[in-house]
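Printed here is start14.cif (mmCIF, C-alpha atoms and all ligand atoms):
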data_coords
loop_
_atom_site.label_atom_id
_atom_site.label_comp_id
_atom_site.auth_asym_id
_atom_site.auth_seq_id
_atom_site.Cartn_x
_atom_site.Cartn_y
_atom_site.Cartn_z
CA MET J 45 3.98 16.69 6.32
CA ALA J 46 7.21 14.74 5.90
CA THR J 47 10.78 15.80 5.20
CA ILE J 48 11.73 13.93 2.04
CA GLY J 49 15.22 13.61 0.55
CA PHE J 50 15.24 13.11 -3.23
CA ILE J 51 18.42 12.14 -5.07
CA GLY J 52 18.44 12.08 -8.90
CA LEU J 53 16.32 14.90 -10.35
CA GLY J 54 16.52 13.98 -14.06
CA ASN J 55 13.72 13.52 -16.61
CA MET J 56 11.74 11.35 -14.20
CA GLY J 57 12.98 12.45 -10.78
CA LEU J 58 12.31 16.17 -11.13
CA PRO J 59 8.59 15.91 -11.95
CA MET J 60 8.16 13.20 -9.29
CA ALA J 61 9.82 15.38 -6.64
CA SER J 62 7.82 18.37 -7.85
CA ASN J 63 4.58 16.46 -7.22
CA LEU J 64 5.71 15.76 -3.63
CA VAL J 65 6.33 19.51 -3.17
CA LYS J 66 2.87 20.32 -4.60
CA ALA J 67 1.35 17.91 -2.07
CA GLY J 68 2.88 20.02 0.72
CA HIS J 69 5.96 17.97 1.66
CA GLU J 70 9.36 19.51 2.34
CA VAL J 71 11.66 18.08 -0.35
CA LEU J 72 15.44 18.35 -0.09
CA GLY J 73 16.84 17.49 -3.50
CA TYR J 74 20.24 16.66 -4.90
CA ASP J 75 21.46 15.91 -8.42
CA ALA J 76 24.98 15.67 -9.80
CA SER J 77 24.12 18.29 -12.45
CA ALA J 78 24.19 21.97 -11.45
CA ASP J 79 21.76 22.95 -14.25
CA ILE J 80 19.22 20.48 -12.98
CA LEU J 81 19.53 21.84 -9.44
CA GLN J 82 18.65 25.29 -10.77
CA ASN J 83 15.46 23.88 -12.38
CA ALA J 84 14.67 22.08 -9.13
CA LYS J 85 14.83 25.33 -7.15
CA GLU J 86 12.25 26.84 -9.49
CA VAL J 87 9.66 24.18 -8.59
CA GLY J 88 10.10 24.66 -4.83
CA ILE J 89 12.62 21.90 -4.06
CA ILE J 90 15.19 22.87 -1.39
CA THR J 91 18.39 22.13 -3.28
CA CYS J 92 21.41 20.64 -1.53
CA ALA J 93 25.12 20.79 -2.34
CA THR J 94 25.67 17.08 -1.62
CA ALA J 95 23.71 13.84 -1.44
CA THR J 96 24.42 13.63 2.29
CA ASP J 97 22.81 17.05 2.85
CA ALA J 98 19.66 15.80 1.12
CA ALA J 99 19.61 12.65 3.28
CA SER J 100 20.62 13.88 6.72
CA GLU J 101 17.15 14.96 7.88
CA ALA J 102 15.07 12.65 5.70
CA GLU J 103 12.18 10.61 7.03
CA ILE J 104 11.75 9.30 3.48
CA LEU J 105 14.65 9.14 1.01
CA VAL J 106 13.80 8.62 -2.67
CA THR J 107 16.41 7.75 -5.29
CA MET J 108 15.83 7.98 -9.07
CA LEU J 109 19.22 7.23 -10.63
CA PRO J 110 20.56 5.84 -13.92
CA ASN J 111 21.78 2.39 -12.80
CA GLY J 112 22.69 0.01 -9.98
CA GLU J 113 26.34 1.01 -9.75
CA ILE J 114 25.44 4.68 -9.20
CA LEU J 115 22.66 3.73 -6.78
CA LEU J 116 25.06 1.71 -4.60
CA SER J 117 27.74 4.41 -4.65
CA VAL J 118 25.19 7.07 -3.60
CA LEU J 119 23.91 4.70 -0.93
CA ALA J 120 27.40 4.20 0.52
CA GLU J 121 27.65 7.99 0.83
CA VAL J 122 24.27 8.65 2.44
CA LEU J 123 23.69 5.64 4.71
CA PRO J 124 25.94 6.89 7.56
CA VAL J 125 23.96 10.17 7.83
CA THR J 126 20.38 9.03 7.14
CA PRO J 127 18.33 9.12 10.37
CA LYS J 128 17.62 5.67 11.88
CA GLY J 129 14.13 4.48 11.07
CA ALA J 130 13.92 6.40 7.79
CA LEU J 131 12.52 4.63 4.74
CA LEU J 132 14.47 4.35 1.48
CA ILE J 133 12.42 4.21 -1.71
CA ASP J 134 14.46 3.38 -4.80
CA CYS J 135 12.49 4.13 -7.96
CA SER J 136 15.43 3.68 -10.39
CA THR J 137 15.48 0.71 -12.77
CA VAL J 138 18.49 -1.37 -11.70
CA ASP J 139 19.72 -4.96 -11.94
CA VAL J 140 18.27 -7.44 -9.48
CA GLU J 141 21.62 -8.04 -7.72
CA SER J 142 22.06 -4.31 -7.01
CA ALA J 143 18.49 -4.17 -5.71
CA LYS J 144 19.31 -7.02 -3.29
CA GLN J 145 22.42 -5.16 -2.10
CA PHE J 146 20.37 -1.98 -1.69
CA HIS J 147 17.97 -3.79 0.68
CA ALA J 148 20.78 -5.54 2.59
CA SER J 149 22.70 -2.27 3.14
CA ALA J 150 19.55 -0.46 4.27
CA LYS J 151 18.75 -3.22 6.75
CA ALA J 152 22.29 -3.19 8.15
CA ALA J 153 21.97 0.58 8.67
CA GLY J 154 18.65 0.23 10.52
CA LEU J 155 16.57 1.67 7.68
CA GLY J 156 13.45 0.46 5.92
CA SER J 157 13.62 -0.05 2.15
CA ILE J 158 11.50 -0.76 -0.88
CA ASP J 159 12.45 -1.08 -4.53
CA ALA J 160 9.76 0.65 -6.56
CA PRO J 161 10.69 0.94 -10.24
CA VAL J 162 8.10 2.63 -12.41
CA SER J 163 6.38 2.44 -15.73
CA GLY J 164 4.54 5.32 -17.36
CA GLY J 165 7.48 7.38 -18.61
CA ILE J 166 8.06 11.12 -18.37
CA GLY J 167 4.38 11.89 -19.09
CA GLY J 168 3.31 9.65 -16.21
CA ALA J 169 5.90 11.24 -13.90
CA GLN J 170 4.58 14.71 -14.73
CA ALA J 171 0.93 13.76 -14.39
CA GLY J 172 1.48 11.72 -11.21
CA THR J 173 0.07 8.63 -12.88
CA LEU J 174 3.05 6.26 -12.70
CA THR J 175 2.66 2.56 -11.94
CA PHE J 176 5.01 1.36 -9.18
CA MET J 177 6.18 -2.26 -9.08
CA ILE J 178 7.18 -2.81 -5.49
CA GLY J 179 9.43 -5.16 -3.54
CA GLY J 180 9.80 -4.98 0.22
CA SER J 181 8.26 -5.92 3.56
CA ASP J 182 4.56 -5.43 4.12
CA SER J 183 5.17 -2.70 6.72
CA ASP J 184 7.65 -0.77 4.53
CA CYS J 185 5.25 -0.96 1.56
CA LYS J 186 2.42 0.38 3.73
CA LYS J 187 4.64 3.20 5.00
CA ALA J 188 5.62 4.15 1.42
CA ALA J 189 2.09 3.98 0.02
CA PRO J 190 0.92 7.57 0.74
CA TYR J 191 4.03 9.00 -0.98
CA LEU J 192 3.80 6.69 -3.98
CA ASP J 193 0.15 7.65 -4.19
CA ILE J 194 1.18 11.26 -4.84
CA MET J 195 3.63 10.30 -7.60
CA GLY J 196 1.59 7.53 -9.19
CA ALA J 197 -1.82 6.07 -9.90
CA LYS J 198 -1.14 2.38 -9.25
CA GLN J 199 0.97 0.32 -6.87
CA VAL J 200 1.54 -3.41 -7.31
CA ARG J 201 3.34 -5.19 -4.49
CA CYS J 202 5.27 -7.98 -6.23
CA GLY J 203 6.89 -9.59 -3.17
CA GLU J 204 9.83 -9.09 -0.83
CA GLY J 205 12.95 -7.01 -1.57
CA SER J 206 13.99 -6.81 -5.28
CA ALA J 207 10.67 -8.30 -6.50
CA GLY J 208 9.71 -4.95 -8.05
CA GLN J 209 12.86 -4.89 -10.19
CA ALA J 210 12.34 -8.53 -11.15
CA ALA J 211 8.77 -7.81 -12.31
CA LYS J 212 9.84 -4.69 -14.22
CA ILE J 213 12.48 -6.49 -16.29
CA CYS J 214 10.22 -9.50 -17.00
CA ASN J 215 7.53 -7.12 -18.26
CA ASN J 216 9.90 -5.09 -20.41
CA MET J 217 11.55 -8.19 -21.88
CA LEU J 218 8.07 -9.31 -22.94
CA LEU J 219 7.32 -5.86 -24.33
CA ALA J 220 10.51 -5.94 -26.43
CA THR J 221 9.48 -9.26 -27.97
CA THR J 222 5.85 -8.30 -28.62
CA MET J 223 6.80 -5.01 -30.28
CA ILE J 224 9.17 -6.84 -32.63
CA GLY J 225 6.49 -9.44 -33.36
CA VAL J 226 3.96 -6.73 -34.15
CA GLY J 227 6.48 -4.92 -36.37
CA GLU J 228 7.16 -8.15 -38.28
CA ALA J 229 3.45 -8.89 -38.75
CA PHE J 230 2.74 -5.43 -40.18
CA SER J 231 5.87 -5.61 -42.39
CA LEU J 232 4.83 -8.98 -43.83
CA GLY J 233 1.25 -7.76 -44.24
CA LYS J 234 2.49 -4.80 -46.29
CA LYS J 235 4.51 -7.09 -48.58
CA LEU J 236 1.37 -9.22 -49.04
CA GLY J 237 -0.58 -6.15 -50.13
CA LEU J 238 -2.68 -5.71 -46.99
CA GLU J 239 -3.81 -2.26 -45.85
CA PRO J 240 -2.36 -1.60 -42.35
CA GLN J 241 -5.82 -0.49 -41.16
CA ALA J 242 -7.37 -3.82 -42.20
CA LEU J 243 -4.60 -5.77 -40.50
CA TYR J 244 -4.96 -3.62 -37.36
CA ASP J 245 -8.71 -4.24 -37.32
CA VAL J 246 -8.07 -7.99 -37.43
CA MET J 247 -5.09 -8.26 -35.08
CA SER J 248 -6.39 -5.86 -32.44
CA THR J 249 -9.51 -7.99 -32.02
CA SER J 250 -8.03 -11.44 -32.61
CA SER J 251 -5.71 -13.85 -30.85
CA GLY J 252 -2.66 -11.72 -31.72
CA SER J 253 -3.97 -8.69 -29.87
CA CYS J 254 -1.64 -7.22 -27.27
CA TRP J 255 -0.60 -3.84 -25.79
CA SER J 256 1.94 -3.31 -28.61
CA ILE J 257 -0.91 -3.36 -31.15
CA ASN J 258 -3.95 -2.11 -29.27
CA THR J 259 -2.42 0.70 -27.20
CA TYR J 260 0.93 1.49 -28.81
CA CYS J 261 0.46 0.58 -32.47
CA PRO J 262 3.78 1.21 -34.28
CA VAL J 263 2.11 2.09 -37.62
CA PRO J 264 1.34 5.81 -38.21
CA GLY J 265 -2.32 6.72 -38.71
CA VAL J 266 -3.60 3.40 -37.42
CA GLY J 267 -5.08 2.76 -33.97
CA PRO J 268 -4.74 5.26 -31.11
CA THR J 269 -2.32 8.21 -31.32
CA THR J 270 1.15 6.92 -30.48
CA PRO J 271 4.81 7.96 -31.05
CA ALA J 272 4.40 6.50 -34.59
CA ASP J 273 2.20 9.52 -35.30
CA ASN J 274 4.98 11.84 -34.14
CA ASP J 275 7.94 10.55 -36.19
CA TYR J 276 8.74 8.04 -33.43
CA LYS J 277 9.75 10.75 -30.97
CA PRO J 278 9.75 9.03 -27.54
CA GLY J 279 7.69 7.90 -25.62
CA PHE J 280 10.05 5.22 -24.47
CA ALA J 281 13.43 5.60 -26.16
CA SER J 282 15.18 2.58 -27.67
CA SER J 283 18.15 3.26 -25.36
CA LEU J 284 15.88 2.60 -22.35
CA MET J 285 14.51 -0.57 -23.96
CA ILE J 286 18.07 -1.76 -24.58
CA LYS J 287 18.91 -1.04 -20.93
CA ASP J 288 15.90 -2.99 -19.60
CA ALA J 289 16.20 -5.90 -22.06
CA GLY J 290 19.92 -6.05 -21.12
CA LEU J 291 19.07 -6.19 -17.40
CA ALA J 292 16.68 -9.05 -18.17
CA GLN J 293 19.49 -10.96 -19.89
CA VAL J 294 21.83 -10.41 -16.93
CA ALA J 295 19.12 -11.77 -14.61
CA ALA J 296 18.45 -14.70 -16.98
CA GLU J 297 22.15 -15.55 -17.02
CA GLN J 298 22.47 -15.31 -13.23
CA SER J 299 19.36 -17.38 -12.58
CA GLY J 300 20.13 -20.00 -15.25
CA GLN J 301 16.88 -19.40 -17.15
CA ALA J 302 16.98 -19.60 -20.96
CA THR J 303 15.10 -16.71 -22.62
CA PRO J 304 15.80 -17.18 -26.35
CA MET J 305 13.20 -14.64 -27.50
CA GLY J 306 14.35 -12.07 -24.95
CA ALA J 307 17.98 -12.57 -25.96
CA ARG J 308 17.18 -12.18 -29.66
CA ALA J 309 15.02 -9.14 -29.00
CA LEU J 310 17.96 -7.44 -27.28
CA GLU J 311 20.23 -8.20 -30.29
CA LEU J 312 17.63 -6.80 -32.71
CA TYR J 313 17.14 -3.64 -30.66
CA LYS J 314 20.92 -3.10 -30.60
CA GLU J 315 21.12 -3.52 -34.41
CA PHE J 316 18.18 -1.15 -34.88
CA ALA J 317 19.72 1.49 -32.56
CA ALA J 318 23.13 1.20 -34.24
CA GLN J 319 21.53 2.05 -37.59
CA SER J 320 18.72 4.42 -36.63
CA GLY J 321 19.93 5.97 -33.37
CA GLU J 322 19.07 5.23 -29.75
CA ASP J 323 16.82 8.25 -29.35
CA LEU J 324 13.94 7.00 -31.49
CA ASP J 325 10.97 5.49 -29.71
CA PHE J 326 11.29 1.71 -29.33
CA SER J 327 8.24 1.20 -31.58
CA GLY J 328 10.31 2.71 -34.42
CA ILE J 329 11.94 -0.71 -34.82
CA ILE J 330 9.14 -1.40 -37.34
CA THR J 331 10.76 1.04 -39.79
CA TRP J 332 13.97 -0.98 -39.63
CA LEU J 333 12.18 -4.34 -39.83
CA GLU J 334 10.34 -3.19 -42.99
CA ARG J 335 13.69 -2.57 -44.68
CA LEU J 336 15.26 -5.90 -43.68
CA GLU J 337 15.98 -8.18 -46.64
CA ARG J 338 15.32 -11.90 -46.22
CA GLY J 339 18.77 -13.49 -45.98
P1 LIG R 401 18.02 10.84 -16.32
O1 LIG R 401 19.36 10.50 -16.87
O2 LIG R 401 17.23 11.94 -16.92
O3 LIG R 401 18.16 11.17 -14.74
C1 LIG R 401 19.11 10.60 -13.89
C2 LIG R 401 19.68 11.72 -13.03
O4 LIG R 401 20.59 11.19 -12.09
C3 LIG R 401 20.45 12.76 -13.86
O5 LIG R 401 19.87 14.05 -13.67
C4 LIG R 401 21.87 12.68 -13.31
O6 LIG R 401 22.52 13.94 -13.27
C5 LIG R 401 21.62 12.14 -11.92
N1 LIG R 401 22.79 11.49 -11.34
C6 LIG R 401 23.67 10.65 -11.95
N2 LIG R 401 24.62 10.27 -11.05
C7 LIG R 401 24.31 10.88 -9.88
C8 LIG R 401 24.90 10.87 -8.59
N3 LIG R 401 26.00 10.15 -8.32
N4 LIG R 401 24.33 11.63 -7.62
C9 LIG R 401 23.22 12.36 -7.89
N5 LIG R 401 22.61 12.41 -9.09
C10 LIG R 401 23.15 11.67 -10.07
O7 LIG R 401 17.19 9.48 -16.32
P2 LIG R 401 15.60 9.31 -16.14
O8 LIG R 401 14.98 9.21 -17.48
O9 LIG R 401 15.11 10.29 -15.14
O10 LIG R 401 15.57 7.83 -15.53
C11 LIG R 401 15.85 7.57 -14.16
C12 LIG R 401 15.61 6.12 -13.89
O11 LIG R 401 14.25 5.80 -14.20
C13 LIG R 401 16.48 5.17 -14.72
O12 LIG R 401 16.86 4.10 -13.90
C14 LIG R 401 15.54 4.74 -15.85
O13 LIG R 401 15.87 3.47 -16.36
C15 LIG R 401 14.20 4.72 -15.13
N6 LIG R 401 13.03 4.91 -16.00
C16 LIG R 401 13.01 5.89 -16.93
C17 LIG R 401 11.87 6.05 -17.73
C18 LIG R 401 11.81 7.15 -18.77
O14 LIG R 401 10.86 7.13 -19.58
N7 LIG R 401 12.73 8.11 -18.79
C19 LIG R 401 10.78 5.20 -17.57
C20 LIG R 401 10.82 4.22 -16.58
C21 LIG R 401 11.96 4.09 -15.80
#

Rewrite the coordinates I just gave you, this time as structure tokens.
Ligand code: NAD
Amino acid sequence: MATIGFIGLGNMGLPMASNLVKAGHEVLGYDASADILQNAKEVGIITCATATDAASEAEILVTMLPNGEILLSVLAEVLPVTPKGALLIDCSTVDVESAKQFHASAKAAGLGSIDAPVSGGIGGAQAGTLTFMIGGSDSDCKKAAPYLDIMGAKQVRCGEGSAGQAAKICNNMLLATTMIGVGEAFSLGKKLGLEPQALYDVMSTSSGSCWSINTYCPVPGVGPTTPADNDYKPGFASSLMIKDAGLAQVAAEQSGQATPMGARALELYKEFAAQSGEDLDFSGIITWLERLERG
């Protein structure tokens, strides 16, 4: 069994670390919040007073932090004490440039590294069914696999360092645009007098079908049970969609790629959140679209 350091025990990190404990690993955890550390103790995590304490004996060091700036500042703290040969696994969603710096700093310190952002949300973290999108060398990915296997159900190696973050933001930019498209189609259908169920039956089996209709339909009472059936309680909060769609725009700007739909989707999500709050599920944008007047 391995000694695993785990830094960032929030909504996602705590259940992920808890699954590593349940699998028999020794997990030394650190979070900036004292309340969270108390919860961590209760699930068998050995809590540490500092990030360096969590890292200093780690064979595997997992980070699950809010953004790239925090990731790099934590990294600067822990790299000098992390044992040579240890493997860093960053599961946070961060910008591609920070992910590249993460890999470069790890390499300079003699450590292995993979970026492994996740999809599947808090439910997936609790159930151990996350999907990991992975960037890193073949040997580091192989070394990480048994640990990711405990926390998730699927691993997709997307390429070398930072490829996991790149894939994550491309996917979520697409998701932002499809959810808005689906919301618009149902809103127009309603104005044209269509029953949502009839439109669902057509669109979910026709050329417009996609995950945002078939699996995560934003209309209550239609299709599978989704956050729409629970007053748009997340699920995947709009604040997280705004974060990911924003990271996609930063990457688009830096790489010189035009993404007009992605850029517009980000603007629309920001307008929706400003009026309806950032805590609603991202599929709740349909409620705002339905109210939009044609200008
Ligand atoms: P969260 O805010 O609940 O957790 C982040 C934790 O990091 C907090 O507990 C915070 O106290 C801690 N932290 C902040 N600065 C720190 C520091 N310097 N040292 C140690 N700990 C520090 O966020 P979350 O929902 O757990 O998300 C974590 C990451 O996973 C984010 O990058 C997010 O974009 C990504 N993600 C979240 C979801 C989701 O559904 N929540 C889904 C996919 C990906």

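Distance annotation: of J:Ala207, J:Val263, J:Met305, J:Ala61, the residue with the minimal separation from Thr91 of chain J is J:Ala61; atom set is only C-alpha atoms.
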
Hey, could you make a per-residue contact list for chain J against ligand LIG 401 (chain R) with 9 Å as the cut-off, showing the nearest pair of atoms and its distance in Å to one decimal, counting only C-alpha atoms and all ligand atoms, sorted by chain and number, as a tab-separated table?
residue	atom	partner	partner_atom	distance
J:Ile51	CA	R:LIG401	C9	5.6
J:Gly52	CA	R:LIG401	O4	3.9
J:Leu53	CA	R:LIG401	O5	4.9
J:Gly54	CA	R:LIG401	O3	3.3
J:Asn55	CA	R:LIG401	O9	3.8
J:Met56	CA	R:LIG401	O9	3.7
J:Gly57	CA	R:LIG401	O9	5.3
J:Leu58	CA	R:LIG401	O9	7.6
J:Tyr74	CA	R:LIG401	C9	6.0
J:Asp75	CA	R:LIG401	N5	3.7
J:Ala76	CA	R:LIG401	N5	4.1
J:Ser77	CA	R:LIG401	O6	4.7
J:Ala78	CA	R:LIG401	O6	8.4
J:Ile80	CA	R:LIG401	O5	6.5
J:Leu81	CA	R:LIG401	O5	8.9
J:Thr94	CA	R:LIG401	N4	8.2
J:Ala95	CA	R:LIG401	N4	6.6
J:Thr107	CA	R:LIG401	C9	8.6
J:Met108	CA	R:LIG401	C11	5.1
J:Leu109	CA	R:LIG401	O4	4.4
J:Pro110	CA	R:LIG401	O12	4.1
J:Asn111	CA	R:LIG401	O12	5.3
J:Gly112	CA	R:LIG401	O12	8.1
J:Ile114	CA	R:LIG401	N3	5.6
J:Leu115	CA	R:LIG401	N3	7.4
J:Ser117	CA	R:LIG401	N3	7.0
J:Val118	CA	R:LIG401	N3	5.7
J:Cys135	CA	R:LIG401	O11	6.7
J:Ser136	CA	R:LIG401	O12	3.8
J:Thr137	CA	R:LIG401	O12	3.8
J:Val138	CA	R:LIG401	O12	6.1
J:Pro161	CA	R:LIG401	C21	6.5
J:Val162	CA	R:LIG401	C20	5.2
J:Ser163	CA	R:LIG401	C20	4.9
J:Gly164	CA	R:LIG401	C19	6.2
J:Gly165	CA	R:LIG401	O14	3.5
J:Ile166	CA	R:LIG401	O14	5.0
J:Gly167	CA	R:LIG401	O14	8.1
J:Gly168	CA	R:LIG401	O14	8.6
J:Ala169	CA	R:LIG401	O14	8.6
J:Leu174	CA	R:LIG401	C20	8.9
J:Pro278	CA	R:LIG401	O14	8.3
J:Gly279	CA	R:LIG401	O14	6.9
J:Phe280	CA	R:LIG401	O14	5.3
J:Ala281	CA	R:LIG401	O14	7.2
J:Leu284	CA	R:LIG401	O13	6.1
J:Met285	CA	R:LIG401	O13	8.7
J:Lys287	CA	R:LIG401	O13	7.1
J:Asp288	CA	R:LIG401	O13	7.2

Please check which residues have atoms at most 12 Å from (18.9, 1.2, -37.4) in the file's coordinates, counting all atoms listed in the file, and write them as a compact mmCIF listing (two decimals) with C-alpha atoms, in the frame of the given file.
# COMPACT_ATOMS: atom_id res chain seq x y z
CA SER J 282 15.18 2.58 -27.67
CA GLU J 311 20.23 -8.20 -30.29
CA LEU J 312 17.63 -6.80 -32.71
CA TYR J 313 17.14 -3.64 -30.66
CA LYS J 314 20.92 -3.10 -30.60
CA GLU J 315 21.12 -3.52 -34.41
CA PHE J 316 18.18 -1.15 -34.88
CA ALA J 317 19.72 1.49 -32.56
CA ALA J 318 23.13 1.20 -34.24
CA GLN J 319 21.53 2.05 -37.59
CA SER J 320 18.72 4.42 -36.63
CA GLY J 321 19.93 5.97 -33.37
CA GLU J 322 19.07 5.23 -29.75
CA ASP J 323 16.82 8.25 -29.35
CA LEU J 324 13.94 7.00 -31.49
CA ASP J 325 10.97 5.49 -29.71
CA PHE J 326 11.29 1.71 -29.33
CA GLY J 328 10.31 2.71 -34.42
CA ILE J 329 11.94 -0.71 -34.82
CA ILE J 330 9.14 -1.40 -37.34
CA THR J 331 10.76 1.04 -39.79
CA TRP J 332 13.97 -0.98 -39.63
CA LEU J 333 12.18 -4.34 -39.83
CA GLU J 334 10.34 -3.19 -42.99
CA ARG J 335 13.69 -2.57 -44.68
CA LEU J 336 15.26 -5.90 -43.68

What is the distance between atom CA of Met177 of chain J and atom CA of Val200 of chain J, in Å to one decimal?
->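 These atoms are spaced 5.1 Å apart.
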
Extract, using all atoms listed in the file, all DNA, RNA and protein residues at most 9 Å from segment 221-223 of chain J, discarding same-chain residues fewer than 3 positions from it, and format them as a ChimeraX atom specification.
-> /J:216-218,226-228,254-257,260-262,305-306,308-310,326-327,329-330

Find the axis-aligned box for segment 73-91 of chain J, covering all its listed atoms and adding 3 Å on each side, and write its centre and edge lengths in Å to one decimal as JSON.
{"center_x": 17.3, "center_y": 21.3, "center_z": -7.8, "size_x": 21.3, "size_y": 17.2, "size_z": 18.9}

Between J:Glu101, J:Glu86, J:Asp159, J:Asp273, smallest distance to Val122 of chain J by only C-alpha atoms belongs to J:Glu101

Grab the atom CA of Ser299 of chain J to atom CA of Ile158 of chain J distance for me, in Å with one decimal place.
->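 Computed distance, atom CA of Ser299 of chain J to atom CA of Ile158 of chain J, equals 21.8 Å.
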
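Taking atom CA of Val71 of chain J as the reference point, atom CA of Ile194 of chain J is found at 13.3 Å.
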